[in-house]
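Novice: Structure supplied as start_19.cif; contents: mmCIF, C-alpha atoms.
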```cif
data_data
loop_
_atom_site.label_atom_id
_atom_site.label_comp_id
_atom_site.auth_asym_id
_atom_site.auth_seq_id
_atom_site.Cartn_x
_atom_site.Cartn_y
_atom_site.Cartn_z
CA ARG A 19 0.00 0.00 0.00
CA GLY A 20 2.98 2.29 0.59
CA GLU A 21 3.30 5.65 2.23
CA VAL A 22 2.21 9.06 1.01
CA GLY A 23 5.09 11.33 0.00
CA VAL A 24 5.65 14.38 2.15
CA GLY A 25 3.56 17.27 0.85
CA ILE A 26 2.55 15.34 -2.29
CA PRO A 27 -0.80 13.52 -1.96
CA ARG A 28 -0.68 10.34 -3.99
CA ARG A 29 -3.48 9.89 -6.52
CA ARG A 30 -5.08 6.80 -7.92
CA SER A 31 -6.11 6.27 -11.51
CA THR A 32 -9.59 7.49 -10.54
CA GLY A 33 -8.08 10.88 -9.73
CA THR A 34 -9.25 10.88 -6.11
CA LEU A 35 -7.09 11.77 -3.15
CA THR A 36 -5.70 9.27 -0.70
CA MET A 37 -8.06 7.79 1.86
CA ARG A 38 -7.22 6.80 5.42
CA LEU A 39 -9.99 4.50 6.54
CA SER A 40 -11.11 3.35 9.98
CA VAL A 41 -13.78 0.71 10.55
CA VAL A 42 -15.36 0.87 14.02
CA VAL A 43 -17.20 -2.27 15.14
CA PRO A 44 -19.31 -2.09 18.33
CA ALA A 45 -19.87 -5.57 19.73
CA LEU A 46 -21.68 -7.24 22.60
CA ASN A 47 -21.81 -11.02 22.99
CA GLU A 48 -21.01 -11.52 19.31
CA GLU A 49 -18.38 -14.28 19.48
CA ARG A 50 -20.21 -16.10 16.67
CA ASN A 51 -20.18 -13.15 14.27
CA VAL A 52 -17.43 -10.65 15.06
CA ALA A 53 -14.68 -12.55 13.23
CA ARG A 54 -16.62 -12.29 9.96
CA ALA A 55 -17.14 -8.56 10.48
CA VAL A 56 -13.44 -7.97 11.13
CA ALA A 57 -12.38 -10.19 8.21
CA SER A 58 -14.67 -8.35 5.79
CA ALA A 59 -13.24 -5.00 6.90
CA ARG A 60 -9.66 -6.14 6.46
CA GLU A 61 -10.01 -8.12 3.24
CA GLY A 62 -11.95 -5.48 1.33
CA ALA A 63 -9.69 -2.55 2.24
CA GLY A 64 -7.21 -2.90 -0.62
CA ALA A 65 -8.01 0.49 -2.16
CA ALA A 66 -7.40 2.39 1.07
CA ASP A 67 -3.97 3.89 1.68
CA HIS A 68 -4.38 2.99 5.32
CA CYS A 69 -7.05 0.91 7.05
CA GLU A 70 -7.53 0.04 10.68
CA VAL A 71 -10.24 -2.04 12.32
CA VAL A 72 -11.24 -1.06 15.86
CA VAL A 73 -13.60 -3.33 17.81
CA VAL A 74 -15.23 -1.82 20.90
CA ASP A 75 -16.75 -4.35 23.27
CA GLY A 76 -19.62 -3.36 25.52
CA GLY A 77 -18.91 -5.82 28.34
CA SER A 78 -19.50 -9.19 26.70
CA ASP A 79 -20.02 -12.34 28.75
CA ASP A 80 -18.63 -14.54 25.99
CA ALA A 81 -15.38 -14.72 23.99
CA THR A 82 -16.06 -11.70 21.76
CA VAL A 83 -12.87 -9.89 22.80
CA SER A 84 -10.52 -12.83 22.22
CA VAL A 85 -12.21 -13.74 18.93
CA ALA A 86 -11.86 -10.16 17.69
CA HIS A 87 -8.16 -10.21 18.58
CA SER A 88 -7.66 -13.51 16.78
CA ALA A 89 -9.54 -12.24 13.71
CA GLY A 90 -6.97 -9.48 13.23
CA ALA A 91 -8.54 -6.35 14.66
CA ASP A 92 -5.97 -3.60 15.06
CA ALA A 93 -7.41 -2.65 18.43
CA VAL A 94 -9.96 -4.24 20.73
CA LEU A 95 -11.25 -1.89 23.40
CA VAL A 96 -13.71 -2.34 26.23
CA SER A 97 -16.08 0.56 26.68
CA PRO A 98 -16.41 1.71 30.30
CA GLU A 99 -20.05 2.51 29.62
CA ARG A 100 -22.80 0.27 28.27
CA GLY A 101 -24.68 1.14 25.11
CA ARG A 102 -23.77 1.33 21.44
CA ALA A 103 -23.45 5.13 21.44
CA ALA A 104 -20.69 4.99 24.05
CA GLN A 105 -18.95 2.22 22.13
CA LEU A 106 -19.02 4.17 18.88
CA ALA A 107 -17.69 7.29 20.57
CA ARG A 108 -14.86 5.28 22.14
CA GLY A 109 -13.97 3.83 18.76
CA VAL A 110 -13.95 7.26 17.09
CA GLU A 111 -11.69 8.56 19.83
CA ARG A 112 -9.23 5.71 19.27
CA CYS A 113 -9.18 5.52 15.47
CA SER A 114 -7.04 7.71 13.21
CA GLY A 115 -8.79 7.57 9.82
CA ASP A 116 -10.20 10.58 8.02
CA VAL A 117 -13.11 8.41 6.83
CA ILE A 118 -14.88 6.30 9.45
CA VAL A 119 -17.19 3.36 8.71
CA PHE A 120 -19.51 2.13 11.46
CA LEU A 121 -20.11 -1.61 11.07
CA HIS A 122 -22.36 -3.72 13.28
CA ALA A 123 -20.70 -6.86 14.59
CA ASP A 124 -23.33 -9.11 12.99
CA SER A 125 -22.80 -7.54 9.55
CA THR A 126 -20.15 -7.80 6.84
CA LEU A 127 -18.85 -5.26 4.35
CA PRO A 128 -19.01 -6.12 0.63
CA ASP A 129 -15.97 -7.32 -1.29
CA GLY A 130 -13.80 -4.41 -2.39
CA TYR A 131 -15.81 -1.98 -0.28
CA ALA A 132 -12.95 0.53 0.04
CA GLU A 133 -12.57 0.84 -3.73
CA ARG A 134 -16.34 1.14 -4.15
CA LEU A 135 -16.42 3.83 -1.49
CA ARG A 136 -13.54 5.69 -3.13
CA ASP A 137 -15.27 5.58 -6.51
CA ALA A 138 -18.58 6.81 -5.10
CA MET A 139 -17.21 9.54 -2.85
CA LYS A 140 -16.72 12.95 -4.44
CA PRO A 141 -15.15 16.00 -2.73
CA GLU A 142 -18.58 17.39 -1.93
CA HIS A 143 -19.67 14.21 -0.15
CA SER A 144 -19.23 14.18 3.62
CA TRP A 145 -21.17 11.10 4.62
CA GLY A 146 -23.22 8.21 3.32
CA ALA A 147 -23.94 4.51 3.63
CA PHE A 148 -23.89 1.21 1.78
CA GLY A 149 -26.85 -0.75 0.53
CA PHE A 150 -28.68 -3.33 2.63
CA ARG A 151 -28.86 -7.08 2.20
CA LEU A 152 -30.18 -9.78 4.51
CA ALA A 153 -27.97 -12.78 5.03
CA PRO A 154 -29.29 -16.23 4.01
CA GLU A 155 -31.97 -17.44 6.37
CA LYS A 156 -30.02 -20.38 7.76
CA ARG A 157 -26.70 -19.61 9.37
CA ASP A 158 -24.35 -22.14 10.93
CA ASP A 159 -23.82 -19.75 13.82
CA ASP A 160 -27.50 -19.44 14.69
CA ASP A 161 -28.89 -22.35 16.67
CA ASP A 162 -32.35 -20.81 16.38
CA ALA A 163 -32.25 -21.18 12.60
CA ALA A 164 -32.74 -24.90 13.02
CA ASP A 165 -35.70 -24.46 15.37
CA PRO A 166 -38.94 -25.24 13.48
CA SER A 167 -40.93 -22.87 15.67
CA THR A 168 -38.53 -20.02 14.91
CA ALA A 169 -38.62 -20.85 11.22
CA ALA A 170 -42.39 -20.73 11.26
CA ARG A 171 -42.28 -17.18 12.57
CA GLY A 172 -39.70 -16.13 10.01
CA SER A 173 -39.93 -15.51 6.30
CA LYS A 174 -39.46 -19.12 5.21
CA GLY A 175 -41.95 -20.80 2.98
CA PRO A 176 -43.72 -19.50 -0.10
CA GLY A 177 -43.02 -15.83 -0.72
CA GLY A 178 -40.28 -15.62 1.94
CA GLY A 179 -37.57 -14.74 -0.56
CA THR A 180 -39.86 -12.26 -2.27
CA ALA A 181 -40.53 -10.51 1.05
CA ARG A 182 -36.82 -10.20 1.68
CA ARG A 183 -36.08 -8.79 -1.75
CA PHE A 184 -38.95 -6.34 -1.38
CA LEU A 185 -37.59 -5.25 2.00
CA GLU A 186 -34.15 -4.66 0.48
CA TRP A 187 -35.73 -2.66 -2.34
CA CYS A 188 -37.65 -0.51 0.15
CA VAL A 189 -34.49 0.14 2.17
CA ASP A 190 -32.69 1.22 -0.99
CA LYS A 191 -35.44 3.68 -1.91
CA ARG A 192 -35.68 5.03 1.65
CA THR A 193 -31.92 5.62 1.66
CA ARG A 194 -31.72 7.27 -1.76
CA TRP A 195 -34.99 9.20 -1.79
CA LEU A 196 -35.31 10.20 1.88
CA GLY A 197 -31.63 10.17 2.83
CA ALA A 198 -32.36 7.93 5.80
CA PRO A 199 -30.02 4.93 6.04
CA TYR A 200 -30.09 2.89 9.25
CA GLY A 201 -27.14 1.79 11.34
CA ASP A 202 -26.97 -1.69 9.83
CA GLN A 203 -26.03 -0.22 6.42
CA GLY A 204 -22.44 0.62 7.28
CA VAL A 205 -22.88 4.36 7.72
CA TRP A 206 -19.65 6.16 6.79
CA VAL A 207 -18.63 9.71 7.56
CA LYS A 208 -15.64 11.99 7.11
CA ARG A 209 -14.14 12.93 10.44
CA HIS A 210 -14.62 16.66 9.98
CA ALA A 211 -18.32 16.10 9.25
CA LEU A 212 -18.72 13.92 12.34
CA ASP A 213 -17.02 16.59 14.46
CA SER A 214 -19.27 19.27 12.96
CA VAL A 215 -22.40 17.58 14.34
CA GLY A 216 -20.94 16.94 17.77
CA GLY A 217 -19.81 13.36 17.24
CA VAL A 218 -21.96 10.31 17.92
CA PRO A 219 -25.08 11.35 19.89
CA GLN A 220 -24.77 10.00 23.40
CA GLN A 221 -28.20 8.55 24.00
CA CYS A 222 -29.23 5.07 25.06
CA PHE A 223 -31.21 4.26 21.91
CA MET A 224 -31.70 5.53 18.33
CA GLU A 225 -28.19 7.00 18.28
CA ASP A 226 -27.73 5.92 14.66
CA TYR A 227 -31.01 7.51 13.56
CA GLU A 228 -30.18 10.76 15.36
CA LEU A 229 -26.67 10.85 13.86
CA VAL A 230 -28.05 10.41 10.35
CA LYS A 231 -30.62 13.15 10.95
CA ARG A 232 -27.92 15.57 12.09
CA LEU A 233 -25.61 14.73 9.18
CA ARG A 234 -28.41 15.14 6.63
CA ARG A 235 -29.40 18.49 8.11
CA ARG A 236 -25.82 19.80 8.15
CA HIS A 237 -24.30 18.17 5.06
CA GLY A 238 -27.18 17.24 2.78
CA MET A 239 -28.19 13.91 1.32
CA PRO A 240 -25.97 10.82 1.77
CA CYS A 241 -23.66 9.36 -0.84
CA VAL A 242 -24.90 5.80 -1.29
CA VAL A 243 -22.26 3.25 -2.24
CA ASN A 244 -23.46 0.86 -4.92
CA ALA A 245 -22.73 -2.27 -2.87
CA ALA A 246 -24.56 -3.82 0.06
CA VAL A 247 -23.60 -4.56 3.63
CA THR A 248 -24.90 -8.00 4.54
CA THR A 249 -26.56 -8.15 7.95
CA SER A 250 -27.70 -11.07 10.08
CA SER A 251 -31.29 -12.10 9.45
CA ARG A 252 -31.91 -13.47 12.94
CA ARG A 253 -34.46 -10.80 13.88
CA TRP A 254 -36.38 -11.27 10.64
CA ASP A 255 -36.18 -15.05 10.96
CA ALA A 256 -37.56 -14.88 14.48
CA MET A 257 -40.39 -12.42 13.88
CA GLY A 258 -40.89 -12.25 10.14
CA VAL A 259 -40.30 -9.36 7.76
CA ALA A 260 -43.69 -7.70 8.30
CA ARG A 261 -43.47 -7.65 12.09
CA VAL A 262 -39.90 -6.38 12.23
CA THR A 263 -40.67 -3.67 9.68
CA ALA A 264 -43.80 -2.60 11.57
CA LEU A 265 -41.90 -2.47 14.86
CA ASN A 266 -39.10 -0.42 13.31
CA GLN A 267 -41.55 2.07 11.84
CA LEU A 268 -43.40 2.37 15.15
CA ILE A 269 -40.12 3.24 16.87
CA VAL A 270 -39.17 5.78 14.19
CA PHE A 271 -42.62 7.40 14.40
CA GLY A 272 -42.42 7.56 18.18
CA TYR A 273 -39.00 9.18 18.01
CA ALA A 274 -40.25 11.75 15.52
CA MET A 275 -43.12 12.53 17.90
CA GLY A 276 -40.68 13.20 20.74
CA VAL A 277 -40.99 9.99 22.74
CA ALA A 278 -37.92 9.60 24.98
CA PRO A 279 -35.29 7.12 23.79
CA GLU A 280 -35.52 5.26 27.11
CA ARG A 281 -39.22 4.63 26.57
CA LEU A 282 -38.67 3.65 22.94
CA ALA A 283 -36.07 1.13 24.05
CA ARG A 284 -38.70 -0.51 26.26
CA TRP A 285 -41.16 -0.57 23.37
CA TYR A 286 -38.55 -2.17 21.16
CA THR A 287 -37.75 -4.84 23.71
CA ALA A 288 -41.44 -5.54 24.34
CA GLY A 289 -42.08 -5.81 20.60
CA ARG A 290 -39.27 -8.30 20.17
CA ASN A 291 -40.54 -10.40 23.03
CA MET A 292 -44.07 -10.40 21.59
CA GLY A 293 -42.57 -11.68 18.36
CA GLY A 294 -41.07 -14.67 20.11
CA GLY A 295 -37.47 -13.68 19.50
CA THR A 296 -34.44 -14.90 21.37
CA LYS A 297 -32.07 -13.09 23.67
CA ARG A 298 -29.27 -12.76 21.13
CA TRP A 299 -31.02 -11.28 18.17
CA ASP A 300 -28.67 -8.33 17.87
CA THR A 301 -26.21 -6.19 19.75
CA ARG A 302 -28.94 -3.84 21.00
CA ALA A 303 -30.22 -6.36 23.54
CA GLU A 304 -28.04 -5.27 26.44
CA ALA A 305 -28.32 -1.60 25.48
CA ASN A 306 -32.10 -1.87 25.66
CA ALA A 307 -31.92 -3.47 29.09
CA GLU A 308 -29.63 -0.69 30.21
CA ALA A 309 -32.05 1.91 28.83
CA THR A 310 -34.80 0.47 31.00
CA LYS A 311 -32.56 0.76 34.06
CA VAL A 312 -31.74 4.37 33.18
CA GLU A 313 -35.41 5.38 33.02
CA GLU A 314 -36.19 3.52 36.25
CA ARG A 315 -33.41 5.48 37.97
#
```
In C-alpha cells, write the structure found in this file.
Specialist:
Amino acid sequence: RGEVGVGIPRRRSTGTLTMRLSVVVPALNEERNVARAVASAREGAGAADHCEVVVVDGGSDDATVSVAHSAGADAVLVSPERGRAAQLARGVERCSGDVIVFLHADSTLPDGYAERLRDAMKPEHSWGAFGFRLAPEKRDDDDDAADPSTAARGSKGPGGGTARRFLEWCVDKRTRWLGAPYGDQGVWVKRHALDSVGGVPQQCFMEDYELVKRLRRRHGMPCVVNAAVTTSSRRWDAMGVARVTALNQLIVFGYAMGVAPERLARWYTAGRNMGGGTKRWDTRAEANAEATKVEER
C-alpha cells in the first residue's frame, strides 16, 4: 500500500485523493459473528492507503474480545459505559482515519468496499452509507435457525424470498430518496463532518437515527455506495419481515413525535418479546436493558 510522499498527496487512476480509513465495530456477545465482520473490513480494504479495524466491546459475557483479537482487529477496546453510542464514541476517539465506517458486529462489508467507497465519494460528499442485504436465512452460527418454531415465525416458505427482496428494495429507496439509512447499512462519515455535528449522539437508543438526521441536516443527502452490507437475518427469521418492519416504523414514528429514547427502548424490547425472538437477536439487547434501568433510575 505504501506511504504518502511528504507534501505530495498520492493519486489513484480514478483521480481521487488518498483515503485513510477506519472501521469501528461495536460488539456485545457476538463471538459467533465478530470474526466475519473484522475479516470483511480487512479483506476489502485494498483500495485504502491505510485501514484500521477497531472493535469496541460493551462488556460481553462470551469470547467476543478474544475472537476479535484472533480475527486481526488492530485494536480491541472495552467501553467503560454500556450502550452502542458509548462504544461508537470510544472507537472514534481511538481511530485515526479521516473516513470512518460504522459496522455492526453481525454484519459484513461487501468485497472491495474501500474501492467502491472511493469511486462513489466525491469531494462534496461528507457522509453516506452502503446498501442493505439480509444474510441467508439459515446460518451455521444461529442455533435458532434450526428451530422449526422459529422458522415458522420467520420468512421461510412460499413468498419468503420475495418478502426479503422487497424489504431490500424498500431500504434502498428510503436511503436514496429520503436520505435515511439505518445503522446496519455501514454508515460512513468523514471525520470533519462527524465533528461538525458533535460526534456520535450520546443517548441510550436511536443513536444511529439521530446521527443520520444531524448529518443530513448539516451536510445534505448521503452518498450511497453501490454495494450492500450483509446483515444477520436473525431478527427477521424470528419475527418475520412484516413484524420487524412494523416495529421499526413504530419506533421511528415515536422518536419523531418526541418519545424519549428510554421509553422507545422498552417498546422495542417488548415488541421483540411479543414476536417470540431470542435473547441474542442483535447487539442492541443489552443496550435496551440498560435503557430500562436508566429510566427507572
Novice: Just give me the gap between atom CA of A:Ser58 and atom CA of A:Arg102 in Å, one decimal is fine.
Specialist: 20.5 Å
Novice: Any idea what the distance is between atom CA of A:Phe150 and atom CA of A:Val117?
Specialist: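 According to the coordinates, atom CA of A:Phe150 and atom CA of A:Val117 are separated by 19.9 Å.
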Novice: With distances taken over all atoms listed in the file, which residue among A:Ala93, A:Met224, A:Cys188, A:Val42 lies nearest A:Gln105?
Specialist: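 Comparing A:Ala93, A:Met224, A:Cys188, A:Val42 against A:Gln105, the winner is A:Val42.
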Novice: Hey, which of A:His210, A:Arg151, A:Arg112, A:Arg235 ends up closest to A:Phe184? Count only C-alpha atoms.
Specialist: A:Arg151
Novice: Nearest to A:Ala86: which of A:Gly201, A:Asn244, A:Glu186, A:Asn51 is it, counting all atoms listed in the file?
Specialist: A:Asn51
